[in-house]
Each structure stands twice: as structure tokens, then as C-alpha cells.
Amino acid sequence: MQSAVDTFQGDGPDREFQNYLGRGEFRLQQCQACNETIFYPRVLCPHCGGFDLQWRLVSGEGVVYSTTVVRRREEKGGPYNVAIIELAEGPRMMSRVEGIAADKVNIGSAVKARIATESQPQGERHIVLFDLAEAGSSGVANAGGGAG
Amino acid sequence: MGHSLRGTAAIVGVGHAGMGEAAGGRNALDILGDSARVALAEAGLTIRDVDGLFTGSSFHFMPTLSTAEYLGIQPSYFDGSMIGGASFVNYLSSAALALEAGLCNVALICYGSNQRTSVGGLATMSEQQPYEVPYAPRYPISSYALATARHMYEYGTTREQLAEVAVAARRWAQLNPDAFEQADTSVEEVLASRMISDPLTVRDCCLVTDGGGAIVMVRAERVDDFEKPPIYLLGGSSATRHRQITSMPDLTETAAVESGQRAYEIAGVGPKDVDVLGLYDAFTINPILFLEDLGFCAKGEGGAFVAEGRIAPGGELPVNTNGGGLSCCHPGMYGIFPVIEVVRQLRGEAGERQVNGADIGLAHGNGGVLSAQVTAILGTAATL
Ligand SMILES: [Zn+2]
């Protein structure tokens, strides 16, 4: 039997998420008790309280649940999109839809995930962005989805 | 009638100060102190009588401690639960519980902010959400914009209907000499104003003002000792479904469904019994959502409900008769002001904006990004 000290060693959920993104894998936690996939990463399932969570690859497919344009001034970089994406596996996350004018992003549009890396003062940060899913394509950003 | 907490505590003093722009370099606690002075004077009490303190702050990390020190009191009971602007409606219930349990005898609920004359924008100690930061939403407006966009998508709510909320608030403000914004406005002007985070323009957003408010509450058995007509807390309840907007289960429905249901149940009344409402209007979408969630119209019909002046002066349902956060004042956290306005309406002291024969009022607080919802039902002695 593991001691409590052993149980709580290793990378925390936020860092694990980042580690997977850094390897090009979009993984989210799935509860082994109720099967819900959750976001944001944490140590327990907010649906049932279960603590047995496994990182699964997700499809990267989603739908725009809501969208807004932050009207930043042109001299500061211009307007940009902020959206809430509902992932095919269930959870929602904040993100940005790219490759289309910020005000042309529509609720209900199918999107697919892409991992991007930004440099920050404290190092690299991997984030998930979305592009419109092309008509007829599977929209799978990380081939091989399904339970990890 | 009913629940054991119904009508056990009453408001016997209210006051506000520094609404709009506070004079003379007053800080947040000065404005709070000015407000407390007015409320205590109404109750014929002094600061020495206060032994229950309920306060939150946009400037002080330990607001009950900073406020008690400033006021020079050592309260026997205090509560500074921070659920954003809704905190002050929530304190009504915690004060009533503490009074009922004998943990204090005179409860002072109070707030002060000098955000306009100090930082010149929204003063907040809210932390940023780690999984939102990379996408740079403007806090808090982008969250409300996302909720608004979804409501428009699902129910066909229009920008014109949102603008009607702002116009109704301004028309009420024009009847309130203490309201900060008095200029005429119109749906067209709101629609043409600067977009901040689509679909919300600057006129869909609450004001950035200074201001403070205070409320004195005592056990109902003592109300005969006070000059003002007592306004009783008939019921109150708080609810939450999320903290950050991405965790809100349904962007078109708030936890006001639960807070309202529980408050109505304690009070033994329903929406049809309510004569006057104070709904926390940080953005024009808020009253639309709360009218739906509190049972004044069906889900999705809030936009049509507020159209054609229904919540404006002369309309059938008086909402935010002080001018609301949109036109009266919004000093960072607004929650104490709808309570104060409902009390004044129930006392019959609202002057030109008085709602005739108001006996039951509903004050509703909102905190975070639609995250905390708190409903209080208040009533005159006739409702006991
Ligand atoms: Zn679970």
C-alpha cells in the first residue's frame, strides 16, 4: 500500500496537461467511475467525486458554444476572438477560433483543435486553439482518439 | 406562516454616500463610514451600538477587520464572505441568522468604494482564471458577452431588447436625484455606442462610480424602538453553479433559479406577489436572465418581456427604480444598492419614482460572472 506521501508525488494535473500538449497530444482526464471527460484538469471528478482519473486522447473536434470579439484598438493589435468551445467528449473550454475574421465566428460552427506554443517570460506555454473544421474532413486534430 | 426565519429580522436604517464621484479625496472606508452614519442616524443608533459587522471590499483583503478597526468597534459577530457583488444581499441572511441566534444585536451591513476617483476603472481583487488567461478575455465583460451571445442564439434576443434595459434604467435614474447618469438616451444611442465585447457596447455595461451604502438590521421583536417603518426580511437564499464562465452549465440560465425558489419558499410568496424589484444589472443581459430565472417570464422570453417599456417608469413591473448599476451607480460591487432602494420603496420614501402601494420587494444580487446568485424578499409590516 502506498503512503500518502507517495500518492501525492509527481506532476500535478496542470503540469501533466502541459506536458502532453508539449508532446503534441491533446489529452483530457476521464473519470474511471462515471466515464465523464473533464476540463479543466484537477484531482477529482466534479461530476461524481471520483479520484480515479486517466488521461485520454481526445478527438479535438468541437462546436462553437458561444463567441465574442474583444474590440482591442487597432494600434494595440486589433480585435480578436474569444470563444467557448464544446468538445465532442463533453467539456467546454475557452479558446480562440483562428483563420477567420473574429466577428465571423458563429455559434454552432464545427471546429477542430490545434496545439500552439507561445513564449512567456517564465518559459513556453502550450495552448489549444481552434480552426474551422473543413467541410467533409473528419476534423480530427490528434489522430488515434479514444480512451488513452 | 411558514419558515422559522421569515420575518425574524428587520431593516431599521439605510443610507448611502459618495454615489457617483465622492468629494474631497475620500477613500473607500471614508465612504463606508459616511454611509454608516446615515443609516445609523435613521435608526437612532450610534456606531457604539453595532456588534454585528457584515462587509466586503474591492480594496481590503480582510474587509471585516479593516472596517472594524476603522469604525473603532469590536463586533461579537462578523462575516465577510466574498461572493462578489452578491455578497451584500447574502449578508442579509447571515445577519438575520446571527441576530436570531443572539450572536449580535445590531447588525451593520456596509460597503464603500472610491474606484472612480482613485483607479478610474473597475477596482477588483478577483484573480485571473488560469485556463482563460491565454485567450485574454476582458474581465468581466467578455464572460457576460458570451452569455449574451448564447441567449441571442438560442432565443432570438436582440440588441434592441438589451438596449431597452439600459433605456429603462436611465428613465428611472432621471427620477432619482442621487443617480449619477441623468442624460436622455435612446435605444438608437445604445446601439450606436462603442462596442467593447460583442454584442455588448459601453452602454450595455454598468457605470464606474464611487459610492457606499449601509443597512442596519435588528431582531423583529425590537422594531417598535425605531422611527422608520421596519422592513422585514421575509426570505433569502444564495446559489452557485460555477465560478468561471466556461464552467457555467447553461449560459442562458443562472443559479437564480435555485436562489429564487428557496427565497420564495421561505417567504411564502411568489413572483406574482412582488411589487418592486432590484435586480443586479452589471450588464443589460442580467435583468433579462433574472426575470426569467426568478419566474417573472418564461425562459427565453426575457428580451420580449423588457421591450416596450415594461420595466421602465409607468410600465407594469418596476425594476431598478433607482436607475440601477447601469445609470445610478456601480462602485465595483453594487449588491447593497438594490436592497437599499427596495427598502425605500417599501417605506414609501422614493419620491417621484415611488411605486404605489408597494408591500413586497425582491432584491437580487449577482457576483463574479453570473457565478453567485442571491435573492432576498423584503416586506412591510402588512406582509407578516
Ligand atoms: Zn466521475
# chains A, B, ... in the order shown; residues from 1 in each chain; ligands from 1
>>> interface_residues(of="chain B", to="chain A", cutoff="9 Å", atoms="only C-alpha atoms", output="MDAnalysis selection string")
chainID B and resid 131:132 134:138 142:143 145:150 153 195:199 245:247 251
>>> residues_near_ligand(ligand="ligand 1", cutoff="10 Å", atoms="only C-alpha atoms and all ligand atoms", output="compact mmCIF listing (two decimals) with all heavy atoms, in the first residue's frame")
# COMPACT_ATOMS: atom_id res chain seq x y z
N GLN A 30 -10.27 11.55 -17.92
CA GLN A 30 -11.56 10.86 -17.95
C GLN A 30 -11.75 10.11 -16.64
O GLN A 30 -10.86 9.43 -16.16
CB GLN A 30 -11.62 9.87 -19.12
CG GLN A 30 -12.98 9.18 -19.24
CD GLN A 30 -13.07 8.28 -20.45
OE1 GLN A 30 -12.07 7.69 -20.86
NE2 GLN A 30 -14.26 8.17 -21.02
N CYS A 31 -12.93 10.28 -16.06
CA CYS A 31 -13.23 9.64 -14.78
C CYS A 31 -13.50 8.15 -15.01
O CYS A 31 -14.32 7.80 -15.85
CB CYS A 31 -14.44 10.30 -14.14
SG CYS A 31 -14.97 9.50 -12.61
N GLN A 32 -12.80 7.31 -14.26
CA GLN A 32 -12.96 5.87 -14.43
C GLN A 32 -14.23 5.35 -13.75
O GLN A 32 -14.66 4.23 -13.99
CB GLN A 32 -11.72 5.13 -13.90
CG GLN A 32 -10.44 5.54 -14.62
CD GLN A 32 -10.52 5.39 -16.13
OE1 GLN A 32 -10.61 4.28 -16.65
NE2 GLN A 32 -10.51 6.51 -16.86
N ALA A 33 -14.83 6.19 -12.91
CA ALA A 33 -16.06 5.78 -12.23
C ALA A 33 -17.30 6.10 -13.05
O ALA A 33 -18.19 5.28 -13.19
CB ALA A 33 -16.15 6.44 -10.86
N CYS A 34 -17.35 7.33 -13.60
CA CYS A 34 -18.58 7.73 -14.30
C CYS A 34 -18.36 7.98 -15.79
O CYS A 34 -19.29 8.32 -16.51
CB CYS A 34 -19.20 8.96 -13.63
SG CYS A 34 -18.32 10.51 -13.98
N ASN A 35 -17.11 7.84 -16.23
CA ASN A 35 -16.75 7.95 -17.66
C ASN A 35 -16.79 9.37 -18.22
O ASN A 35 -16.51 9.57 -19.40
CB ASN A 35 -17.64 7.05 -18.54
CG ASN A 35 -17.21 5.61 -18.45
OD1 ASN A 35 -16.01 5.33 -18.31
ND2 ASN A 35 -18.16 4.71 -18.48
N GLU A 36 -17.13 10.35 -17.42
CA GLU A 36 -17.15 11.73 -17.94
C GLU A 36 -15.72 12.18 -18.21
O GLU A 36 -14.79 11.87 -17.47
CB GLU A 36 -17.78 12.69 -16.92
CG GLU A 36 -19.26 12.47 -16.70
CD GLU A 36 -20.14 13.09 -17.78
OE1 GLU A 36 -19.61 13.83 -18.64
OE2 GLU A 36 -21.34 12.81 -17.76
N THR A 37 -15.56 12.93 -19.28
CA THR A 37 -14.29 13.59 -19.57
C THR A 37 -14.38 15.00 -19.04
O THR A 37 -15.42 15.66 -19.20
CB THR A 37 -14.05 13.61 -21.09
OG1 THR A 37 -14.00 12.25 -21.54
CG2 THR A 37 -12.74 14.31 -21.43
N ILE A 38 -13.34 15.47 -18.37
CA ILE A 38 -13.45 16.75 -17.66
C ILE A 38 -12.40 17.75 -18.13
O ILE A 38 -11.33 17.41 -18.61
CB ILE A 38 -13.36 16.56 -16.13
CG1 ILE A 38 -11.94 16.17 -15.71
CG2 ILE A 38 -14.37 15.53 -15.65
CD1 ILE A 38 -11.71 16.23 -14.20
N LEU A 44 -9.92 15.46 -8.91
CA LEU A 44 -11.12 14.64 -8.75
C LEU A 44 -12.13 14.99 -9.82
O LEU A 44 -12.04 16.02 -10.47
CB LEU A 44 -11.74 14.83 -7.35
CG LEU A 44 -12.67 16.03 -7.14
CD1 LEU A 44 -13.34 15.93 -5.78
CD2 LEU A 44 -11.93 17.35 -7.25
N CYS A 45 -13.10 14.09 -9.98
CA CYS A 45 -14.14 14.30 -10.98
C CYS A 45 -15.25 15.17 -10.39
O CYS A 45 -15.84 14.81 -9.37
CB CYS A 45 -14.71 12.95 -11.40
SG CYS A 45 -16.21 13.08 -12.38
N PRO A 46 -15.53 16.32 -11.02
CA PRO A 46 -16.56 17.19 -10.49
C PRO A 46 -17.97 16.65 -10.71
O PRO A 46 -18.93 17.18 -10.16
CB PRO A 46 -16.35 18.50 -11.26
CG PRO A 46 -15.74 18.08 -12.54
CD PRO A 46 -14.90 16.87 -12.23
N HIS A 47 -18.09 15.59 -11.51
CA HIS A 47 -19.42 15.02 -11.75
C HIS A 47 -19.82 14.04 -10.66
O HIS A 47 -20.98 13.99 -10.25
CB HIS A 47 -19.47 14.32 -13.12
CG HIS A 47 -19.19 15.25 -14.26
ND1 HIS A 47 -20.14 16.10 -14.76
CD2 HIS A 47 -18.06 15.49 -14.96
CE1 HIS A 47 -19.61 16.82 -15.75
NE2 HIS A 47 -18.35 16.47 -15.89
N CYS A 48 -18.85 13.23 -10.19
CA CYS A 48 -19.22 12.17 -9.23
C CYS A 48 -18.33 12.14 -8.00
O CYS A 48 -18.59 11.37 -7.08
CB CYS A 48 -19.21 10.81 -9.92
SG CYS A 48 -17.57 10.16 -10.22
N GLY A 49 -17.26 12.93 -7.99
CA GLY A 49 -16.38 12.93 -6.83
C GLY A 49 -15.32 11.84 -6.87
O GLY A 49 -14.53 11.70 -5.93
N GLY A 50 -15.27 11.09 -7.97
CA GLY A 50 -14.28 10.03 -8.08
C GLY A 50 -12.86 10.59 -8.22
O GLY A 50 -12.67 11.67 -8.78
N PHE A 51 -11.89 9.82 -7.70
CA PHE A 51 -10.50 10.27 -7.75
C PHE A 51 -9.67 9.53 -8.79
O PHE A 51 -8.50 9.82 -8.96
CB PHE A 51 -9.84 10.14 -6.38
CG PHE A 51 -10.26 11.23 -5.42
CD1 PHE A 51 -11.36 11.07 -4.59
CD2 PHE A 51 -9.57 12.44 -5.39
CE1 PHE A 51 -11.76 12.08 -3.72
CE2 PHE A 51 -9.97 13.45 -4.53
CZ PHE A 51 -11.05 13.27 -3.70
N ASP A 52 -10.27 8.54 -9.44
CA ASP A 52 -9.51 7.76 -10.42
C ASP A 52 -9.71 8.37 -11.80
O ASP A 52 -10.69 8.10 -12.48
CB ASP A 52 -9.98 6.30 -10.38
CG ASP A 52 -9.10 5.42 -11.26
OD1 ASP A 52 -8.12 5.93 -11.86
OD2 ASP A 52 -9.41 4.22 -11.38
N LEU A 53 -8.75 9.21 -12.18
CA LEU A 53 -8.84 9.90 -13.47
C LEU A 53 -7.70 9.44 -14.36
O LEU A 53 -6.56 9.33 -13.92
CB LEU A 53 -8.75 11.42 -13.26
CG LEU A 53 -9.76 12.04 -12.30
CD1 LEU A 53 -9.46 13.53 -12.10
CD2 LEU A 53 -11.18 11.87 -12.81
>>> closest_residue(among="B:Leu317, B:Leu32, B:Val269, B:Val89", to="Asn114 of chain B", atoms="only C-alpha atoms")
B:Leu32
>>> select_by_dssp(residues="segment 38-127 of chain A", states="helix (DSSP H, G or I)", output="count of residues only")
6
>>> residues_around(residues="Asn176 of chain B", least_positions_apart="3", cutoff="12 Å", atoms="only C-alpha atoms", output="VMD selection string")
chain B and resid 19 169 to 173 179 to 182 313 320 to 324 327 to 329 341 344 349 to 354
>>> closest_residue(among="B:Ala358, B:Val216, B:Leu71, B:Val190", to="Leu162 of chain B", atoms="only C-alpha atoms")
B:Val190
>>> residues_around(residues="segment 334-337 of chain B", least_positions_apart="6", cutoff="6 Å", atoms="only C-alpha atoms", output="list in words")
Gly85, Ala86, Phe88 and Gly365 of chain B
>>> write_last_selection(atoms="N, CA, C and O atoms", output="compact mmCIF listing (two decimals), in the first residue's frame")
# COMPACT_ATOMS: atom_id res chain seq x y z
N GLY B 85 -20.28 40.98 -5.97
CA GLY B 85 -21.31 41.97 -5.68
C GLY B 85 -22.54 41.43 -4.99
O GLY B 85 -23.30 42.18 -4.38
N ALA B 86 -22.74 40.12 -5.08
CA ALA B 86 -23.90 39.49 -4.42
C ALA B 86 -23.72 39.40 -2.92
O ALA B 86 -24.68 39.13 -2.19
N PHE B 88 -23.54 41.36 -0.52
CA PHE B 88 -24.30 42.23 0.38
C PHE B 88 -25.75 41.79 0.52
O PHE B 88 -26.38 42.04 1.55
N GLY B 365 -28.99 39.85 -5.95
CA GLY B 365 -27.58 40.13 -6.13
C GLY B 365 -26.92 39.12 -7.05
O GLY B 365 -27.31 37.95 -7.10
>>> atom_distance(atom1="atom CA of Gly379 of chain B", atom2="atom CA of Leu279 of chain B")
16.3 Å
>>> select_by_dssp(residues="segment 68-128 of chain B", states="strand (DSSP E)", output="PyMOL selection string")
chain B and resi 77-79+107-113
>>> atom_distance(atom1="atom CA of Asp11 of chain A", atom2="atom CA of Arg56 of chain A")
16.5 Å
>>> closest_residue(among="A:Leu28, A:Arg42, A:Glu16, A:Ala101", to="Leu87 of chain A", atoms="only C-alpha atoms")
A:Leu28
>>> atom_distance(atom1="atom CA of Lys76 of chain A", atom2="atom CA of Gln122 of chain A")
22.9 Å
>>> residues_around(residues="Ala28 of chain B", least_positions_apart="3", cutoff="10 Å", atoms="only C-alpha atoms", output="PDB file with N, CA and C atoms, in the first residue's frame")
ATOM      1  N   GLY B  18     -21.509  59.277  -1.259  1.00  0.00           N
ATOM      2  CA  GLY B  18     -20.447  59.297  -2.270  1.00  0.00           C
ATOM      3  C   GLY B  18     -20.832  58.694  -3.598  1.00  0.00           C
ATOM      4  N   ALA B  22     -17.219  60.655  -5.222  1.00  0.00           N
ATOM      5  CA  ALA B  22     -17.117  61.122  -3.842  1.00  0.00           C
ATOM      6  C   ALA B  22     -16.217  62.350  -3.787  1.00  0.00           C
ATOM      7  N   GLY B  25     -11.314  63.557  -2.085  1.00  0.00           N
ATOM      8  CA  GLY B  25     -10.296  62.539  -1.874  1.00  0.00           C
ATOM      9  C   GLY B  25     -10.655  61.500  -0.832  1.00  0.00           C
ATOM     10  N   ILE B  31     -15.984  56.537   2.689  1.00  0.00           N
ATOM     11  CA  ILE B  31     -17.316  56.499   2.060  1.00  0.00           C
ATOM     12  C   ILE B  31     -18.214  55.507   2.794  1.00  0.00           C
ATOM     13  N   LEU B  32     -17.620  54.367   3.208  1.00  0.00           N
ATOM     14  CA  LEU B  32     -18.360  53.404   4.028  1.00  0.00           C
ATOM     15  C   LEU B  32     -18.803  54.069   5.331  1.00  0.00           C
ATOM     16  N   GLY B  33     -17.905  54.801   5.960  1.00  0.00           N
ATOM     17  CA  GLY B  33     -18.220  55.476   7.220  1.00  0.00           C
ATOM     18  C   GLY B  33     -19.321  56.514   7.059  1.00  0.00           C
ATOM     19  N   SER B  57     -15.200  44.031   0.344  1.00  0.00           N
ATOM     20  CA  SER B  57     -14.479  45.189  -0.174  1.00  0.00           C
ATOM     21  C   SER B  57     -13.784  44.857  -1.487  1.00  0.00           C
ATOM     22  N   SER B  58     -13.612  45.879  -2.311  1.00  0.00           N
ATOM     23  CA  SER B  58     -12.793  45.751  -3.513  1.00  0.00           C
ATOM     24  C   SER B  58     -11.361  46.190  -3.245  1.00  0.00           C
ATOM     25  N   PHE B  59     -11.109  46.666  -2.047  1.00  0.00           N
ATOM     26  CA  PHE B  59      -9.798  47.251  -1.728  1.00  0.00           C
ATOM     27  C   PHE B  59      -9.098  46.590  -0.545  1.00  0.00           C
ATOM     28  N   HIS B  60      -9.877  45.937   0.325  1.00  0.00           N
ATOM     29  CA  HIS B  60      -9.315  45.391   1.558  1.00  0.00           C
ATOM     30  C   HIS B  60      -9.455  43.874   1.577  1.00  0.00           C
ATOM     31  N   THR B  67     -12.514  47.242   8.407  1.00  0.00           N
ATOM     32  CA  THR B  67     -13.681  48.081   8.673  1.00  0.00           C
ATOM     33  C   THR B  67     -13.927  48.230  10.169  1.00  0.00           C
ATOM     34  N   TYR B 111     -20.701  48.936   2.842  1.00  0.00           N
ATOM     35  CA  TYR B 111     -19.773  48.880   1.705  1.00  0.00           C
ATOM     36  C   TYR B 111     -19.361  50.296   1.328  1.00  0.00           C
ATOM     37  N   GLY B 112     -18.132  50.442   0.892  1.00  0.00           N
ATOM     38  CA  GLY B 112     -17.685  51.726   0.350  1.00  0.00           C
ATOM     39  C   GLY B 112     -16.632  51.498  -0.716  1.00  0.00           C
ATOM     40  N   SER B 113     -16.645  52.344  -1.734  1.00  0.00           N
ATOM     41  CA  SER B 113     -15.647  52.241  -2.796  1.00  0.00           C
ATOM     42  C   SER B 113     -15.388  53.610  -3.410  1.00  0.00           C
ATOM     43  N   ASN B 114     -14.127  53.904  -3.611  1.00  0.00           N
ATOM     44  CA  ASN B 114     -13.749  55.142  -4.312  1.00  0.00           C
ATOM     45  C   ASN B 114     -13.088  54.812  -5.642  1.00  0.00           C
ATOM     46  N   GLN B 115     -13.570  53.734  -6.303  1.00  0.00           N
ATOM     47  CA  GLN B 115     -12.865  53.268  -7.508  1.00  0.00           C
ATOM     48  C   GLN B 115     -12.782  54.318  -8.606  1.00  0.00           C
ATOM     49  N   SER B 118     -10.216  57.015  -7.608  1.00  0.00           N
ATOM     50  CA  SER B 118      -8.854  56.514  -7.344  1.00  0.00           C
ATOM     51  C   SER B 118      -8.288  55.827  -8.581  1.00  0.00           C
ATOM     52  N   ASP B 210     -17.902  55.862  -7.751  1.00  0.00           N
ATOM     53  CA  ASP B 210     -17.693  55.690  -6.324  1.00  0.00           C
ATOM     54  C   ASP B 210     -19.050  55.392  -5.693  1.00  0.00           C
ATOM     55  N   GLY B 211     -19.025  55.134  -4.403  1.00  0.00           N
ATOM     56  CA  GLY B 211     -20.294  55.023  -3.688  1.00  0.00           C
ATOM     57  C   GLY B 211     -20.204  54.060  -2.523  1.00  0.00           C
ATOM     58  N   GLY B 212     -21.061  54.307  -1.559  1.00  0.00           N
ATOM     59  CA  GLY B 212     -21.143  53.419  -0.406  1.00  0.00           C
ATOM     60  C   GLY B 212     -22.581  53.289   0.033  1.00  0.00           C
ATOM     61  N   PRO B 331     -20.261  51.050  -7.887  1.00  0.00           N
ATOM     62  CA  PRO B 331     -18.903  51.236  -7.331  1.00  0.00           C
ATOM     63  C   PRO B 331     -18.140  49.913  -7.176  1.00  0.00           C
TER      64      PRO B 331
END
